[in-house]
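Text of query00.cif, listed as mmCIF, C-alpha atoms:
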data_start
#
loop_
_atom_site.label_atom_id
_atom_site.label_comp_id
_atom_site.auth_asym_id
_atom_site.auth_seq_id
_atom_site.Cartn_x
_atom_site.Cartn_y
_atom_site.Cartn_z
CA MET A 28 0.00 0.00 0.00
CA THR A 29 1.36 3.41 -0.93
CA ILE A 30 1.21 6.03 1.80
CA ALA A 31 1.17 9.64 0.70
CA GLN A 32 3.67 11.46 2.95
CA GLU A 33 3.11 14.92 1.51
CA THR A 34 0.07 16.30 -0.25
CA VAL A 35 0.27 19.90 -1.40
CA GLN A 36 -3.33 20.40 -2.45
CA THR A 37 -5.78 21.17 0.36
CA ARG A 38 -9.39 22.21 0.81
CA LYS A 39 -11.24 23.62 3.79
CA LEU A 40 -13.32 21.06 5.68
CA GLY A 41 -15.11 20.81 8.99
CA PHE A 42 -14.12 18.21 11.56
CA VAL A 43 -17.03 15.89 10.73
CA GLN A 44 -16.34 16.20 7.01
CA ALA A 45 -12.68 15.32 7.55
CA ILE A 46 -13.64 12.18 9.49
CA ASN A 47 -16.14 11.25 6.77
CA GLU A 48 -13.47 11.70 4.09
CA ALA A 49 -10.99 9.50 5.98
CA LEU A 50 -13.60 6.74 6.30
CA ASP A 51 -14.44 7.05 2.60
CA ILE A 52 -10.77 6.69 1.62
CA ALA A 53 -10.22 3.73 3.95
CA LEU A 54 -13.32 1.93 2.64
CA ALA A 55 -12.27 2.55 -0.97
CA THR A 56 -8.67 1.52 -0.34
CA ASP A 57 -9.16 -1.81 1.40
CA ASP A 58 -12.24 -4.04 1.21
CA ARG A 59 -11.37 -5.49 4.64
CA VAL A 60 -12.43 -2.16 6.18
CA PHE A 61 -16.02 -1.91 7.38
CA ALA A 62 -17.86 0.14 9.99
CA LEU A 63 -20.48 -0.91 12.52
CA GLY A 64 -22.51 1.00 15.05
CA GLU A 65 -25.89 2.37 16.07
CA ASP A 66 -27.83 4.34 13.42
CA ILE A 67 -24.81 4.77 11.13
CA GLN A 68 -26.79 3.81 8.03
CA GLU A 69 -28.63 6.37 5.85
CA PRO A 70 -30.36 8.74 6.03
CA GLY A 71 -28.77 10.00 9.24
CA GLY A 72 -25.32 8.52 8.88
CA GLY A 73 -24.86 8.27 12.65
CA GLY A 74 -25.75 10.49 15.56
CA PHE A 75 -23.54 13.28 14.22
CA GLY A 76 -23.69 12.54 10.49
CA VAL A 77 -20.15 11.19 10.31
CA PHE A 78 -21.19 8.41 7.91
CA LYS A 79 -23.39 10.62 5.71
CA GLY A 80 -23.40 9.24 2.17
CA LEU A 81 -21.21 6.24 2.96
CA GLY A 82 -24.11 3.86 3.54
CA ASN A 83 -25.47 4.47 0.05
CA LYS A 84 -21.99 4.30 -1.49
CA TYR A 85 -20.73 1.11 0.18
CA GLY A 86 -23.94 -0.69 1.17
CA ALA A 87 -25.25 -2.27 4.35
CA GLN A 88 -22.56 -4.96 4.41
CA ARG A 89 -19.79 -2.42 5.00
CA ILE A 90 -21.73 0.28 6.86
CA ARG A 91 -23.47 -2.05 9.27
CA HIS A 92 -26.32 -0.90 11.47
CA THR A 93 -26.33 -2.61 14.88
CA PRO A 94 -28.68 -3.01 17.85
CA ILE A 95 -28.16 -0.69 20.84
CA SER A 96 -25.59 -2.97 22.43
CA GLU A 97 -22.03 -1.77 22.91
CA GLN A 98 -20.98 -5.26 23.98
CA ALA A 99 -22.30 -6.68 20.71
CA ILE A 100 -20.58 -3.97 18.68
CA MET A 101 -17.22 -4.48 20.34
CA GLY A 102 -17.44 -8.25 20.40
CA ALA A 103 -18.31 -8.44 16.71
CA ALA A 104 -15.50 -6.03 15.83
CA ILE A 105 -12.88 -7.99 17.75
CA GLY A 106 -14.01 -11.26 16.21
CA ALA A 107 -13.84 -9.73 12.74
CA ALA A 108 -10.41 -8.24 13.42
CA ILE A 109 -8.83 -11.54 14.48
CA SER A 110 -10.39 -13.08 11.36
CA GLY A 111 -8.49 -10.70 9.10
CA MET A 112 -10.83 -7.71 8.75
CA ARG A 113 -10.18 -4.06 9.73
CA PRO A 114 -13.40 -3.03 11.52
CA VAL A 115 -14.18 0.52 12.61
CA PRO A 116 -16.73 0.20 15.44
CA GLU A 117 -18.46 3.33 16.66
CA ILE A 118 -19.27 3.60 20.37
CA MET A 119 -21.47 6.65 20.04
CA LEU A 120 -20.52 8.21 23.39
CA MET A 121 -17.31 7.65 25.32
CA ASN A 122 -19.11 6.98 28.61
CA PHE A 123 -20.55 3.87 26.96
CA THR A 124 -17.10 2.34 26.54
CA HIS A 125 -17.60 1.24 30.15
CA VAL A 126 -20.32 -1.12 28.93
CA CYS A 127 -17.85 -2.97 26.71
CA MET A 128 -14.65 -2.44 28.70
CA ASP A 129 -14.09 -6.19 29.22
CA GLN A 130 -13.96 -6.83 25.47
CA LEU A 131 -11.82 -3.77 24.88
CA VAL A 132 -9.31 -4.17 27.72
CA ASN A 133 -9.21 -7.93 28.30
CA HIS A 134 -9.51 -9.06 24.68
CA ALA A 135 -8.68 -6.41 22.07
CA ALA A 136 -5.78 -4.95 24.03
CA LYS A 137 -4.17 -8.24 25.05
CA LEU A 138 -4.68 -10.86 22.33
CA ARG A 139 -1.63 -9.87 20.31
CA TYR A 140 0.60 -10.00 23.40
CA MET A 141 -0.88 -13.28 24.64
CA SER A 142 -0.41 -14.94 21.24
CA GLY A 143 3.25 -14.03 20.89
CA GLY A 144 2.42 -11.43 18.28
CA ARG A 145 0.56 -13.86 16.00
CA THR A 146 -2.93 -12.41 16.50
CA PRO A 147 -3.14 -8.70 15.68
CA VAL A 148 -6.40 -6.92 16.50
CA PRO A 149 -6.63 -4.06 13.98
CA ILE A 150 -9.76 -2.30 15.19
CA THR A 151 -10.28 1.46 15.42
CA VAL A 152 -12.90 2.33 18.02
CA ARG A 153 -14.31 5.77 17.22
CA THR A 154 -16.11 7.53 20.05
CA ALA A 155 -17.28 11.07 20.83
CA THR A 156 -17.38 13.03 24.07
CA GLY A 157 -16.65 16.33 25.80
CA ALA A 158 -18.44 18.90 27.92
CA GLY A 159 -20.18 21.97 26.53
CA GLY A 160 -23.00 20.39 24.58
CA GLY A 161 -25.49 20.08 27.42
CA PHE A 162 -25.51 16.29 27.17
CA GLY A 163 -25.28 15.67 30.91
CA ALA A 164 -22.99 13.74 33.20
CA GLN A 165 -23.45 10.32 31.56
CA HIS A 166 -22.59 11.51 28.03
CA SER A 167 -19.72 13.97 28.39
CA ASP A 168 -16.77 12.48 30.29
CA MET A 169 -13.21 12.47 29.03
CA LEU A 170 -12.01 8.97 30.00
CA GLU A 171 -8.70 8.89 28.14
CA ALA A 172 -6.65 8.19 31.28
CA GLN A 173 -8.56 4.93 31.86
CA LEU A 174 -7.77 3.78 28.32
CA VAL A 175 -4.12 4.80 28.36
CA HIS A 176 -3.78 2.78 31.57
CA ALA A 177 -4.78 -0.39 29.67
CA ALA A 178 -1.57 -1.76 28.19
CA GLY A 179 -2.03 -2.73 24.56
CA LEU A 180 -4.37 0.07 23.50
CA LYS A 181 -3.38 3.08 21.44
CA VAL A 182 -5.26 6.30 22.23
CA VAL A 183 -5.65 9.20 19.80
CA VAL A 184 -7.25 12.64 20.45
CA PRO A 185 -7.10 14.96 17.39
CA SER A 186 -7.48 18.74 17.70
CA ASN A 187 -8.22 19.89 14.13
CA PRO A 188 -9.74 18.58 10.86
CA ALA A 189 -6.42 17.84 9.13
CA ASP A 190 -5.14 15.77 12.03
CA ALA A 191 -8.52 14.07 12.39
CA LYS A 192 -8.29 12.80 8.82
CA GLY A 193 -4.61 11.90 8.92
CA LEU A 194 -4.69 10.23 12.33
CA LEU A 195 -7.86 8.27 11.57
CA LEU A 196 -6.38 6.79 8.39
CA SER A 197 -3.21 5.85 10.27
CA SER A 198 -5.32 4.26 13.01
CA ILE A 199 -7.44 2.18 10.63
CA PHE A 200 -4.34 0.75 8.94
CA ASP A 201 -2.50 0.10 12.22
CA ASP A 202 -2.36 -3.53 13.36
CA ASP A 203 -3.07 -2.68 17.02
CA PRO A 204 -6.38 -1.65 18.61
CA VAL A 205 -6.83 2.13 18.64
CA VAL A 206 -9.39 4.22 20.52
CA PHE A 207 -10.02 7.39 18.51
CA VAL A 208 -11.57 10.14 20.67
CA GLU A 209 -13.52 12.89 18.90
CA MET A 210 -14.54 15.89 21.04
CA PHE A 211 -18.01 17.39 20.52
CA GLY A 212 -16.65 20.91 20.73
CA LEU A 213 -14.70 20.40 17.52
CA TYR A 214 -17.40 18.66 15.47
CA PHE A 215 -19.13 21.71 14.05
CA ALA A 216 -16.98 24.64 15.25
CA SER A 217 -13.66 23.60 13.79
CA ARG A 218 -12.81 24.15 10.11
CA GLY A 219 -9.40 24.09 8.48
CA GLU A 220 -7.32 23.24 5.46
CA VAL A 221 -7.17 19.47 4.96
CA PRO A 222 -4.85 17.71 2.50
CA VAL A 223 -6.72 15.88 -0.24
CA GLY A 224 -6.22 12.19 -0.93
CA ASP A 225 -4.68 9.52 1.28
CA TYR A 226 -3.10 11.81 3.88
CA ARG A 227 -1.78 10.23 7.06
CA VAL A 228 -0.35 11.58 10.32
CA PRO A 229 1.88 9.06 12.13
CA LEU A 230 0.70 7.80 15.51
CA GLY A 231 3.00 8.78 18.38
CA LYS A 232 4.24 12.04 16.88
CA ALA A 233 3.26 15.26 18.66
CA ASN A 234 2.93 18.59 16.89
CA ILE A 235 4.46 21.85 18.03
CA ALA A 236 1.36 23.88 17.21
CA ARG A 237 3.06 27.13 18.17
CA ALA A 238 6.75 27.72 18.81
CA GLY A 239 7.84 29.82 21.79
CA SER A 240 10.57 30.31 24.35
CA ASP A 241 9.10 31.49 27.69
CA ALA A 242 6.91 28.53 28.73
CA THR A 243 5.40 25.33 27.29
CA ILE A 244 1.74 24.34 27.32
CA VAL A 245 1.22 20.61 26.76
CA THR A 246 -2.32 19.74 25.72
CA TYR A 247 -4.55 17.79 23.31
CA GLY A 248 -8.02 17.74 21.78
CA ARG A 249 -10.30 20.78 21.95
CA GLN A 250 -8.15 22.50 24.57
CA VAL A 251 -5.50 23.05 21.89
CA VAL A 252 -7.77 25.77 20.47
CA ASP A 253 -7.97 27.60 23.81
CA CYS A 254 -4.25 27.25 24.48
CA LEU A 255 -3.35 28.72 21.08
CA ALA A 256 -5.73 31.63 21.71
CA VAL A 257 -4.09 32.32 25.08
CA ALA A 258 -0.63 32.11 23.52
CA ASP A 259 -1.62 34.61 20.82
CA GLN A 260 -3.04 36.97 23.44
CA LEU A 261 0.08 36.81 25.59
CA ALA A 262 2.28 37.37 22.55
CA ALA A 263 0.92 40.91 22.35
CA GLU A 264 2.64 41.51 25.71
CA GLY A 265 5.89 39.98 24.53
CA ILE A 266 5.29 36.64 26.29
CA ASP A 267 6.34 33.83 23.97
CA ILE A 268 4.47 30.56 24.64
CA GLU A 269 5.11 27.20 22.99
CA VAL A 270 2.07 24.93 22.54
CA VAL A 271 2.61 21.17 22.15
CA ASP A 272 -0.38 19.26 20.74
CA LEU A 273 0.17 15.63 21.76
CA ARG A 274 -2.25 14.20 19.15
CA THR A 275 -1.57 10.66 20.45
CA LEU A 276 -1.52 9.84 24.19
CA GLN A 277 -0.37 6.24 23.67
CA PRO A 278 2.21 5.98 22.20
CA LEU A 279 3.33 9.25 23.77
CA ASP A 280 5.89 11.47 22.07
CA THR A 281 7.90 12.05 25.23
CA ALA A 282 10.90 13.37 23.31
CA THR A 283 8.98 16.33 21.90
CA VAL A 284 7.47 17.20 25.30
CA LEU A 285 10.79 17.03 27.13
CA GLY A 286 12.60 18.85 24.34
CA SER A 287 10.16 21.74 24.53
CA VAL A 288 10.21 22.01 28.33
CA ALA A 289 14.00 21.71 28.44
CA LYS A 290 14.07 24.80 26.23
CA THR A 291 11.48 26.92 28.08
CA LYS A 292 12.10 25.59 31.66
CA ARG A 293 8.39 26.04 32.49
CA ALA A 294 5.36 23.85 31.73
CA VAL A 295 1.59 23.84 32.11
CA VAL A 296 -0.43 20.73 31.28
CA VAL A 297 -4.00 21.39 30.13
CA HIS A 298 -6.80 18.86 29.65
CA GLU A 299 -10.58 18.67 30.05
CA ALA A 300 -10.71 15.48 32.12
CA VAL A 301 -10.93 15.74 35.89
CA ARG A 302 -7.69 16.46 37.72
CA ARG A 303 -7.49 13.41 40.01
CA ASN A 304 -5.40 10.67 38.32
CA GLY A 305 -5.83 12.44 34.99
CA PHE A 306 -3.36 12.10 32.13
CA GLY A 307 -1.85 15.41 33.23
CA ALA A 308 -0.52 13.71 36.36
CA GLU A 309 1.46 11.28 34.20
CA LEU A 310 2.83 14.13 32.09
CA ALA A 311 3.77 16.23 35.12
CA ALA A 312 5.50 13.28 36.79
CA THR A 313 7.46 12.48 33.63
CA ILE A 314 8.60 16.09 33.22
CA HIS A 315 9.63 16.36 36.87
CA ALA A 316 11.50 13.06 36.80
CA GLU A 317 13.44 13.80 33.61
CA LEU A 318 14.03 17.56 33.97
CA PHE A 319 14.03 18.09 37.74
CA GLY A 320 17.29 20.03 37.82
CA GLU A 321 16.42 22.20 34.84
CA LEU A 322 12.92 23.42 35.73
CA ALA A 323 12.52 27.05 36.80
CA ARG A 324 9.16 26.26 38.45
CA PRO A 325 7.12 23.10 39.25
CA VAL A 326 4.81 21.87 36.47
CA LEU A 327 1.22 23.13 36.80
CA ARG A 328 -2.00 21.42 35.73
CA VAL A 329 -5.18 23.08 34.42
CA THR A 330 -8.04 20.58 34.44
CA ALA A 331 -11.72 20.12 35.20
CA PRO A 332 -12.67 19.80 38.89
CA ASN A 333 -13.27 16.37 40.44
CA THR A 334 -17.02 16.32 39.80
CA PRO A 335 -19.32 14.78 37.20
CA VAL A 336 -20.02 17.06 34.22
CA PRO A 337 -22.90 19.37 35.26
CA TYR A 338 -26.08 19.60 33.20
CA ALA A 339 -26.94 23.24 34.01
CA LYS A 340 -25.37 25.37 31.29
CA SER A 341 -23.74 27.87 33.64
CA LEU A 342 -22.21 25.12 35.76
CA GLU A 343 -21.09 23.17 32.71
CA GLN A 344 -19.25 26.21 31.37
CA ALA A 345 -17.60 26.70 34.76
CA TYR A 346 -16.54 23.04 34.74
CA ILE A 347 -14.59 23.32 31.46
CA PRO A 348 -11.01 24.57 31.90
CA GLY A 349 -10.83 27.59 29.61
CA PRO A 350 -8.63 30.53 28.61
CA PRO A 351 -8.86 32.42 31.95
CA GLN A 352 -7.52 29.45 33.91
CA ILE A 353 -4.86 28.69 31.29
CA GLU A 354 -3.68 32.29 31.19
CA ALA A 355 -3.53 32.51 34.99
CA ALA A 356 -1.46 29.34 35.19
CA VAL A 357 1.01 30.55 32.57
CA ARG A 358 1.40 33.97 34.22
CA SER A 359 2.07 32.34 37.59
CA LEU A 360 5.07 30.53 36.09
CA LEU A 361 6.78 33.61 34.64
#
Could you quickly redo this structure as structure tokens?
Amino acid sequence: MTIAQETVQTRKLGFVQAINEALDIALATDDRVFALGEDIQEPGGGGFGVFKGLGNKYGAQRIRHTPISEQAIMGAAIGAAISGMRPVPEIMLMNFTHVCMDQLVNHAAKLRYMSGGRTPVPITVRTATGAGGGFGAQHSDMLEAQLVHAAGLKVVVPSNPADAKGLLLSSIFDDDPVVFVEMFGLYFASRGEVPVGDYRVPLGKANIARAGSDATIVTYGRQVVDCLAVADQLAAEGIDIEVVDLRTLQPLDTATVLGSVAKTKRAVVVHEAVRRNGFGAELAATIHAELFGELARPVLRVTAPNTPVPYAKSLEQAYIPGPPQIEAAVRSLL
């Protein structure tokens, strides 16, 4: 299979369109690829329209509508994967991964290891989540830390349409199980230039979204947007902030994170998940352990509080770590 490393031509797409285009390319490229999930057939194309048009183009055998049973979706996908297919199951909301966690953690994540490498499980579990949409506590959690903790899973959280397309194609054609987390806040608000054709972003390679010298913000997903906005605002005062977009939490591009913080001597980790045992704790511990003698100040974390996601709009907005908290944390380091 030929992988296009560079594609000059681009066009502006929304986040959902970019995901749809990646699925279209994967389905056209390899007939082992198929998708399964609740309501993903036409006319809706899924709860958020990600599969719009693909059901008519590829038929019900490859865009497979399922009962409302996450265990059935995950079990069927794992069985298909170890039989040689490349399934793309959709667990509509990330909170519902708990329903099928046994299949995901005890089967998909471990079968390759337990078989001495002879049984790859090439599934890409797409799921959506994030606060801000008014979906309530049982539909909005960021649970990436739980998944990263399960050895054998790869975990991807894109922040923009181009990365969403490139990372999803890389995930689908990876031989290990990948959980691909799409944040609601990016679905219809984010638009950007997206390379045409078979464009892929390698898993495990972070992006320096903005170069700077005074402090480093390490983040991922929708919070990348807020962090870049804060960095631009502070630049007007002569404060030069570097923003590292992790893109992939497992495998983690530790070299890029440490390289950035070694340069700036100051770091803030920003994520939407709750603070306690969040992925930010792992990042902060790694930075402290590797750069203890070089840091000008201890690493700070900006996260959601340790509560369920509120339903009331005002409380939900207060729950989400936003630009004011990010800016305050950065200023406290300088």
### Task
Just give me the gap between atom CA of A:Val183 and atom CA of A:Asp267 in Å, one decimal is fine.
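Going from atom CA of A:Val183 over to atom CA of A:Asp267 covers 27.7 Å.
Between A:Leu194 and the residues A:Gln130, A:Asn234, A:Thr93, A:Thr275, the shortest atom-to-atom distance, using only C-alpha atoms, involves A:Thr275.
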#### Entry: Point-to-point distance in Å for atom CA of A:Gln173 and atom CA of A:Met101
17.2 Å
### Message
Report as a PyMOL selection string all protein, DNA and RNA residues lying within 8 Å of A:Arg302, evaluated on all atoms listed in the file, omitting residues in the same chain fewer than 5 positions from it.
### Response
chain A and resi 307-308+328-333
Hey, can you spit out that residue selection with C-alpha atoms as a PDB file, in the frame of the given file?
ATOM      1  CA  GLY A 307      -1.850  15.410  33.230  1.00  0.00           C
ATOM      2  CA  ALA A 308      -0.520  13.710  36.360  1.00  0.00           C
ATOM      3  CA  ARG A 328      -2.000  21.420  35.730  1.00  0.00           C
ATOM      4  CA  VAL A 329      -5.180  23.080  34.420  1.00  0.00           C
ATOM      5  CA  THR A 330      -8.040  20.580  34.440  1.00  0.00           C
ATOM      6  CA  ALA A 331     -11.720  20.120  35.200  1.00  0.00           C
ATOM      7  CA  PRO A 332     -12.670  19.800  38.890  1.00  0.00           C
ATOM      8  CA  ASN A 333     -13.270  16.370  40.440  1.00  0.00           C
TER       9      ASN A 333
END
### Task
Run the PyMOL selection byres ((chain A and resi 82) around 12) against the file shown and list the residues it catches, as a ChimeraX atom specification.
/A:47,50-51,54,61-64,66-73,76-81,83-92
With C-alpha atoms retained, write the just-selected residues as an mmCIF file, keeping the file's coordinate frame.
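Output contents, as saved in out-v6.cif:
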data_model
loop_
_atom_site.group_PDB
_atom_site.id
_atom_site.type_symbol
_atom_site.label_atom_id
_atom_site.label_comp_id
_atom_site.auth_asym_id
_atom_site.auth_seq_id
_atom_site.Cartn_x
_atom_site.Cartn_y
_atom_site.Cartn_z
ATOM 1 C CA ASN A 47 -16.140 11.250 6.770
ATOM 2 C CA LEU A 50 -13.600 6.740 6.300
ATOM 3 C CA ASP A 51 -14.440 7.050 2.600
ATOM 4 C CA LEU A 54 -13.320 1.930 2.640
ATOM 5 C CA PHE A 61 -16.020 -1.910 7.380
ATOM 6 C CA ALA A 62 -17.860 0.140 9.990
ATOM 7 C CA LEU A 63 -20.480 -0.910 12.520
ATOM 8 C CA GLY A 64 -22.510 1.000 15.050
ATOM 9 C CA ASP A 66 -27.830 4.340 13.420
ATOM 10 C CA ILE A 67 -24.810 4.770 11.130
ATOM 11 C CA GLN A 68 -26.790 3.810 8.030
ATOM 12 C CA GLU A 69 -28.630 6.370 5.850
ATOM 13 C CA PRO A 70 -30.360 8.740 6.030
ATOM 14 C CA GLY A 71 -28.770 10.000 9.240
ATOM 15 C CA GLY A 72 -25.320 8.520 8.880
ATOM 16 C CA GLY A 73 -24.860 8.270 12.650
ATOM 17 C CA GLY A 76 -23.690 12.540 10.490
ATOM 18 C CA VAL A 77 -20.150 11.190 10.310
ATOM 19 C CA PHE A 78 -21.190 8.410 7.910
ATOM 20 C CA LYS A 79 -23.390 10.620 5.710
ATOM 21 C CA GLY A 80 -23.400 9.240 2.170
ATOM 22 C CA LEU A 81 -21.210 6.240 2.960
ATOM 23 C CA ASN A 83 -25.470 4.470 0.050
ATOM 24 C CA LYS A 84 -21.990 4.300 -1.490
ATOM 25 C CA TYR A 85 -20.730 1.110 0.180
ATOM 26 C CA GLY A 86 -23.940 -0.690 1.170
ATOM 27 C CA ALA A 87 -25.250 -2.270 4.350
ATOM 28 C CA GLN A 88 -22.560 -4.960 4.410
ATOM 29 C CA ARG A 89 -19.790 -2.420 5.000
ATOM 30 C CA ILE A 90 -21.730 0.280 6.860
ATOM 31 C CA ARG A 91 -23.470 -2.050 9.270
ATOM 32 C CA HIS A 92 -26.320 -0.900 11.470
#
Since the input lacks some atoms of stretch 320-341 of chain A, please model N, CA, C and O atoms and print them as a compact mmCIF listing (two decimals), keeping the file's coordinate frame.
# COMPACT_ATOMS: atom_id res chain seq x y z
N GLY A 320 16.25 19.02 37.57
CA GLY A 320 17.29 20.03 37.82
C GLY A 320 17.25 21.22 36.89
O GLY A 320 17.95 22.21 37.10
N GLU A 321 16.44 21.13 35.85
CA GLU A 321 16.42 22.20 34.84
C GLU A 321 15.19 23.10 34.94
O GLU A 321 15.16 24.18 34.35
N LEU A 322 14.16 22.66 35.68
CA LEU A 322 12.92 23.42 35.73
C LEU A 322 13.08 24.69 36.56
O LEU A 322 13.65 24.67 37.65
N ALA A 323 12.53 25.80 36.04
CA ALA A 323 12.52 27.05 36.80
C ALA A 323 11.41 27.05 37.84
O ALA A 323 11.53 27.70 38.89
N ARG A 324 10.30 26.34 37.54
CA ARG A 324 9.16 26.26 38.45
C ARG A 324 8.54 24.86 38.33
O ARG A 324 8.67 24.21 37.29
N PRO A 325 7.83 24.39 39.36
CA PRO A 325 7.12 23.10 39.25
C PRO A 325 6.08 23.14 38.12
O PRO A 325 5.49 24.19 37.84
N VAL A 326 5.81 21.98 37.53
CA VAL A 326 4.81 21.87 36.47
C VAL A 326 3.41 22.10 37.07
O VAL A 326 3.09 21.58 38.13
N LEU A 327 2.59 22.87 36.37
CA LEU A 327 1.22 23.13 36.80
C LEU A 327 0.24 22.35 35.92
O LEU A 327 0.53 22.06 34.76
N ARG A 328 -0.94 22.07 36.49
CA ARG A 328 -2.00 21.42 35.73
C ARG A 328 -3.25 22.29 35.72
O ARG A 328 -3.63 22.82 36.77
N VAL A 329 -3.88 22.41 34.56
CA VAL A 329 -5.18 23.08 34.42
C VAL A 329 -6.15 22.02 33.92
O VAL A 329 -6.00 21.49 32.81
N THR A 330 -7.14 21.70 34.73
CA THR A 330 -8.04 20.58 34.44
C THR A 330 -9.46 20.93 34.89
O THR A 330 -9.71 21.97 35.48
N ALA A 331 -10.38 19.99 34.64
CA ALA A 331 -11.72 20.12 35.20
C ALA A 331 -11.66 19.74 36.68
O ALA A 331 -10.75 19.02 37.11
N PRO A 332 -12.63 20.20 37.48
CA PRO A 332 -12.67 19.80 38.89
C PRO A 332 -13.11 18.34 39.03
O PRO A 332 -13.61 17.74 38.07
N ASN A 333 -12.93 17.79 40.21
CA ASN A 333 -13.27 16.37 40.44
C ASN A 333 -14.76 16.20 40.70
O ASN A 333 -15.19 15.80 41.78
N THR A 334 -15.57 16.51 39.70
CA THR A 334 -17.02 16.32 39.80
C THR A 334 -17.51 15.73 38.48
O THR A 334 -16.83 15.82 37.45
N PRO A 335 -18.70 15.12 38.48
CA PRO A 335 -19.32 14.78 37.20
C PRO A 335 -19.58 16.05 36.38
O PRO A 335 -19.66 17.15 36.94
N VAL A 336 -19.74 15.90 35.08
CA VAL A 336 -20.02 17.06 34.22
C VAL A 336 -21.42 17.57 34.54
O VAL A 336 -22.39 16.81 34.45
N PRO A 337 -21.57 18.85 34.92
CA PRO A 337 -22.90 19.37 35.26
C PRO A 337 -23.80 19.48 34.03
O PRO A 337 -23.32 19.65 32.90
N TYR A 338 -25.11 19.41 34.29
CA TYR A 338 -26.08 19.60 33.20
C TYR A 338 -26.43 21.07 33.01
O TYR A 338 -26.57 21.54 31.87
N ALA A 339 -26.60 21.81 34.11
CA ALA A 339 -26.94 23.24 34.01
C ALA A 339 -25.87 23.96 33.20
O ALA A 339 -24.67 23.80 33.43
N LYS A 340 -26.31 24.76 32.24
CA LYS A 340 -25.37 25.37 31.29
C LYS A 340 -24.30 26.20 31.98
O LYS A 340 -23.11 26.13 31.62
N SER A 341 -24.72 27.00 32.98
CA SER A 341 -23.74 27.87 33.64
C SER A 341 -22.69 27.04 34.39
O SER A 341 -21.50 27.35 34.37
